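Each remark here refers to the structure printed beneath this line.
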Amino acid sequence: MSLFEIFVSNMMNIPIIKPLIDYLMGVPVIRFIVALILWRPFFAIAIAPGLGALGLYLLWIVYFERKLTARVQWRVGPLEVCRPIRGLIQALADGIRFFFQEVIVHREAHRPYYVQLPILAFIPVLIPIMFIPAGNVVGIKSDYAIQLIVAFLALISITIVVIGWASNSRFAFVGSVREAFMYFAYEVPFVIAVISMIFLYGSGNPYVAVEKQTIPGVFLNPIAFIVYLIAMLMATSRLPFEIPEADQEIAFGPFVEYSGILFGLVMTLAYEKLYIMALLFTILFLGGWSGPYIWIIGDLSHVLWLLLKTVVTISIIVIVRSIYARYRLDQALKLGWSSMLGLSLVGLVLGVGVGWFV
Amino acid sequence: MIDMEYEIKVPVEPPTELKSYFIPIPPEYVEETYRSDDFLVLVGPQHPGSGHMRLIVRVHGDIIREVIPDPGYVHRCVEKVAENRLYIQNIPLVERPSIMDSANLNLGYVRVIEEALDIEVPERARYIRTILAELCRIGTHLYDAAILSVFMGHTTGFMYAFGVRELICEALVRMTGARFTCSFIIPGGVRRNVGSDVLRFIYDMTFEMEKRLKTFEKIFIKNPTVIARLKDVGVLTKEEAIKFGVVGPFLRASGVEYDVRKVEPYEVYDELDWDIPVSDDGDGYSRFLVRVNEISQSINIIRQCVRRIPGGRVISDQICEDGRSIRGHFFDSLANIVLPAGEYTTLTECARGTVVFTIVSDGESNVPYRFRMVTPGWLYLRGFMESLKGERLADLQAIYGSFGYFPPEADR
């Protein structure tokens with residue numbers, strides 16, 4: 001079987017652009033490209049819910065967070081970049097600015113690691129995307145997909161710690177240590193909350209999890225839901241727990257020395273982590289890609305529902321930034337190791353209990 | 001709590017910057033610190049939030065052992081400059097150290113001259129001065145609350161406090177023509193009369209401000225994260241607060257009921273009905289709450305002033321014999337005032353505490369022979385440093401904000 005036949009055998013089914021695709025499949029070279037793009041595993045990783053959607057999401061969420069915070073704070077927020085659409089492309093403009101800014105590598109830095117780690121940090125972001133399915137659009141099908149996503153998510157914190165070490169600055173060092181402390185504080189309750197949901201559904205397979213959610217997981221195990229939500233805030237350094245990056249105390253922590261496009265990369269790291277965690281959150285608690293099937297866009301219907309739920313979740317989460325002040329490190333650790341750990345254990349018992357009936 | 005000590009055999013050399021740059025501690029102290037398993041952290045002298053200042057923090061792990069302040073980065077020689085200027089030219093000068101609290105400093109300075117020359121201030125001018133002083137007090141407390149909130153990463157609190165402060169600025173504009181540093185109080189009264197429409201505006205503004213302060217209270221003052229950060233942090237007991245010479249709302253937060261406005265009333269404070277907010281805890285949150293309560297007391301004072309304000313002149317007839325305001329012959333009347341020989345001192349309750357103004361006059365020149373100005377920031381700096389001991393390094397910003405320490409004011 002040739003490569004082309006492999007692509008064609010597993011193509012996206014989108015009725016609305018069917019005539020266009022049929023026409024393009026007749027053109028000699030173009031048909032390979034079209035077949036590759038519409039090959040389901042490739043589409044899942046490269047376009048949605050993979051890289052393409054991630055890029056669009058980043059542009060949206062940076063703008064939306066700034067705008068929402070501004071509205072809460074009696075301000076206007078980003079407006080001047082393309083006024084007719086109310087500054088919607090502000091994040092894009094920032095990205096372009098980062099791209100053309102000088103990248104300064106200071107003398108004390110460990111040069112190879114300092115430069116390559118922001119790029120390497122993308123690997124643990126991109127690998128989980130392979131395992132996240134949106135209906136039948138999926139990169140790799142696995143019975144252990146949820147466990148694998150959690151395992152790869154854990155790597156992101158390690159890259160942040162190493163970034164702080166490679167920066168070789170006092171603030172970056174303090175930030176790395178804080179990140180390491182926070183990592184242990186949220187990771188244990190987070191993993192237990194996920195395990196309780198795996199017990200509840202009886203499998204680590206996202207398809208099984210979504211199938212079993214005739215009632216969304218929020219109502220099946222609300223305690224695990226709360227633990228997951230707080231862990232998500234802690235893991236992505238959102239404001240009540242923005243401890244590793246505290247501007248006023250340690251001047252953006254591990255990322256203090258970065259500039260230019262490297263800063264752009266490390267700055268979006270937390271947002272990317274939030275995206276992956278919110279995708280997993282949607283699959284575990286909000287019924288994943290289940291929703292009214294829209295016939296006209298075919299397979300994209302599942303993708304649409306998954307992304308819609310994810311983006312709405314994240315858009316609600318970003319409002320905490322304008323409500324809360326920052327906790328101290330020891331207070332956050334106390335919360336993580338006492339209340340959250342206890343709650344997650346209760347959630348585990350609840351998950352196992354409900355798992356008997358579902 | 002088990003305090004375990006691990007001796008590390010690796011010799012740790014002090015960083016070169018502690019030797020090469022000028023810092024006001026002896027090299028032996030640096031050596032001794034590094035030998036005893038502590039290390040020094042320099043906070044500043046870049047703007048840590050409210051002005052340039054350096055704190056040399058000796059930390060043991062995460063716990064602060066000792067803090068040595070290095071103030072003086074915004075020292076502007078106010079006292080020396082004042083010796084070369086006419087008495088009335090010093091009015092804008094003394095406001096500059098703390099621009100958001102300008103009316104209180106202005107009032108303190110002018111009262112020294114009035115005390116020396118025995119000038120009787122008309123009733124209406126005294127009410128206007130009180131309104132101005134209280135407006136600036138509210139503005140300063142809001143400013144400090146904003147700095148406190150941004151120190152704790154709460155940007156909404158910052159924006160809300162400055163948003164509420166806009167009302168104060170608008171009131172000052174309508175009264176005096178300037179958003180701050182209005183230089184409105186002059187020896188013998190105030191510059192201009194304030195119309196009844198402006199007083200009406202200020203009266204209405206206080207209600208609007210109360211409404212907006214409720215929003216601020218919901219989002220910041222009663223916020224659980226804010227309480228968690230400030231409660232039981234940077235505690236100064238009553239005895240300590242007195243010993244270290246803390247002044248103003250920070251002294252009252254430690255349970256000492258001392259307010260110059262009650263003890264030695266000036267202007268019309270003794271005719272009005274108001275309380276001194278006091279707290280017994282002495283921690284960061286009570287220092288903040290005392291100032292929040294002072295805002296409501298100030299609003300109360302302003303309302304009473306607007307209700308009771310009498311008509312009449314706003315400038316004493318000792319300064320300006322005819323006419324209702326000093327406009328047009330300001331320089332003729334006030335430029336050549338010469339204070340009788342002697343030393344004159346007044347105490348004024350500024351927003352952040354007691355301010356002391358002293359003028360020594362030789363009795364023949366129209367500039368001060370010696371001018372002394374002790375601002376509250378300078379007075380409570382010692383208490384601020386002492387309250388940091390034993391706290392965590394992350395609390396430094398929270399305590400800094402809870403004191404509302406303002407380096408330009410302290411350094412003068």
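Ordered as shown in the structure tokens, chains take letters A, B, and onward, while each chain numbers its residues from 1 and ligands are numbered from 1 in the order shown.
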
Each chain B residue no farther than 6 Å from chain A, nearest pair in Å, only C-alpha atoms, as CSV:
residue,atom,partner,partner_atom,distance
B:Phe151,CA,A:Gln248,CA,5.8
B:Met152,CA,A:Ala325,CA,5.7
B:Gly153,CA,A:Ala325,CA,5.3
B:His154,CA,A:Ala325,CA,4.5
B:Thr156,CA,A:Gln73,CA,5.4
B:Met159,CA,A:Gln73,CA,5.8
B:Thr225,CA,A:Ala325,CA,5.6

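The residue set within 8 Å of A:Ser142, counting only C-alpha atoms and dropping same-chain residues fewer than 2 places from it, reads A:Phe131, A:Ile140, A:Tyr144, A:Ala145, A:Asn205.
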
Can you write out the residues you just picked, keeping C-alpha atoms, as a short mmCIF file (atom, residue, chain, number, x, y, z; two decimals), in the first residue's frame?
data_model
loop_
_atom_site.label_atom_id
_atom_site.label_comp_id
_atom_site.auth_asym_id
_atom_site.auth_seq_id
_atom_site.Cartn_x
_atom_site.Cartn_y
_atom_site.Cartn_z
CA PHE A 131 -3.06 11.51 22.46
CA ILE A 140 -2.51 8.04 18.33
CA TYR A 144 -3.58 4.74 28.38
CA ALA A 145 -3.99 8.14 26.73
CA ASN A 205 -9.11 5.62 27.30
#

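You will find atom CA of A:Gly355 at 6.9 Å from atom CA of A:Gly202.
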
**Message:** Applying 10 Å and only C-alpha atoms, which residues near B:Glu257 remain after dropping the ones on its own chain fewer than 4 positions away? List them as a list in words.
**Reply:** Gly248, Pro249, Leu251, Arg252, Ala253, Lys262, Val263, Ile276, Pro277, Val278 and Ser279 of chain B

**Item:** Contacts of A:Met25 within 12 Å, only C-alpha atoms, excl. fewer than 3 positions in-chain, as an NGL selection string
**Value:** :A and (4 or 7-8 or 11 or 18-22 or 28-36 or 38)

Store the residues picked out above in a file with C-alpha atoms, as a compact mmCIF listing (two decimals), in the first residue's frame.
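Final output, saved to out-v2.txt:
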# COMPACT_ATOMS: atom_id res chain seq x y z
CA PHE A 4 -1.03 8.06 -0.73
CA PHE A 7 -3.66 8.95 3.55
CA VAL A 8 -6.79 8.47 1.46
CA MET A 11 -9.47 11.04 5.37
CA LYS A 18 -16.52 17.90 -0.40
CA PRO A 19 -16.81 19.32 -3.98
CA LEU A 20 -13.65 21.38 -3.53
CA ILE A 21 -11.69 18.40 -2.22
CA ASP A 22 -12.95 16.17 -5.02
CA PRO A 28 -1.54 15.87 -9.76
CA VAL A 29 0.75 17.22 -7.00
CA ILE A 30 -1.78 19.14 -4.95
CA ARG A 31 -3.68 15.94 -4.15
CA PHE A 32 -0.76 14.62 -2.08
CA ILE A 33 -0.76 17.76 0.02
CA VAL A 34 -4.54 17.75 0.40
CA ALA A 35 -4.55 14.08 1.29
CA LEU A 36 -1.84 14.61 3.88
CA LEU A 38 -6.91 15.75 5.63

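When the distance limit is 10 Å and only C-alpha atoms are what count, the residues near A:Pro78, minus those fewer than 2 positions from it on the same chain, are Tyr63, Phe64, Arg66, Lys67, Ala70, Arg75, Val76, Glu80, Val81, Cys82, Arg83, Arg86, Gly87, Leu88, Ile89, Gln90 and Ala91 of chain A.
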
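Residues surrounding A:Phe357 within 12 Å are A:Phe199, A:Leu200, A:Tyr201, A:Gly202, A:Lys212, A:Leu220, A:Leu350, A:Gly351, A:Val352 [only C-alpha atoms; sequence separation below 5 positions excluded].
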
**Request:** Pick out the residues sitting within 10 Å of B:Asp144, and hand them over as a PyMOL selection string; count only C-alpha atoms, and ignore anything fewer than 4 positions along from it in its own chain.
**Result:** chain B and resi 50+138-140+148-150+158+161-162+288+291+352+401-406

**Message:** Please extract the residues of stretch 247-285 of chain A with a backbone DSSP assignment of alpha helix (DSSP H) and present them as a VMD selection string.
**Reply:** chain A and resid 247 to 250 260 to 285
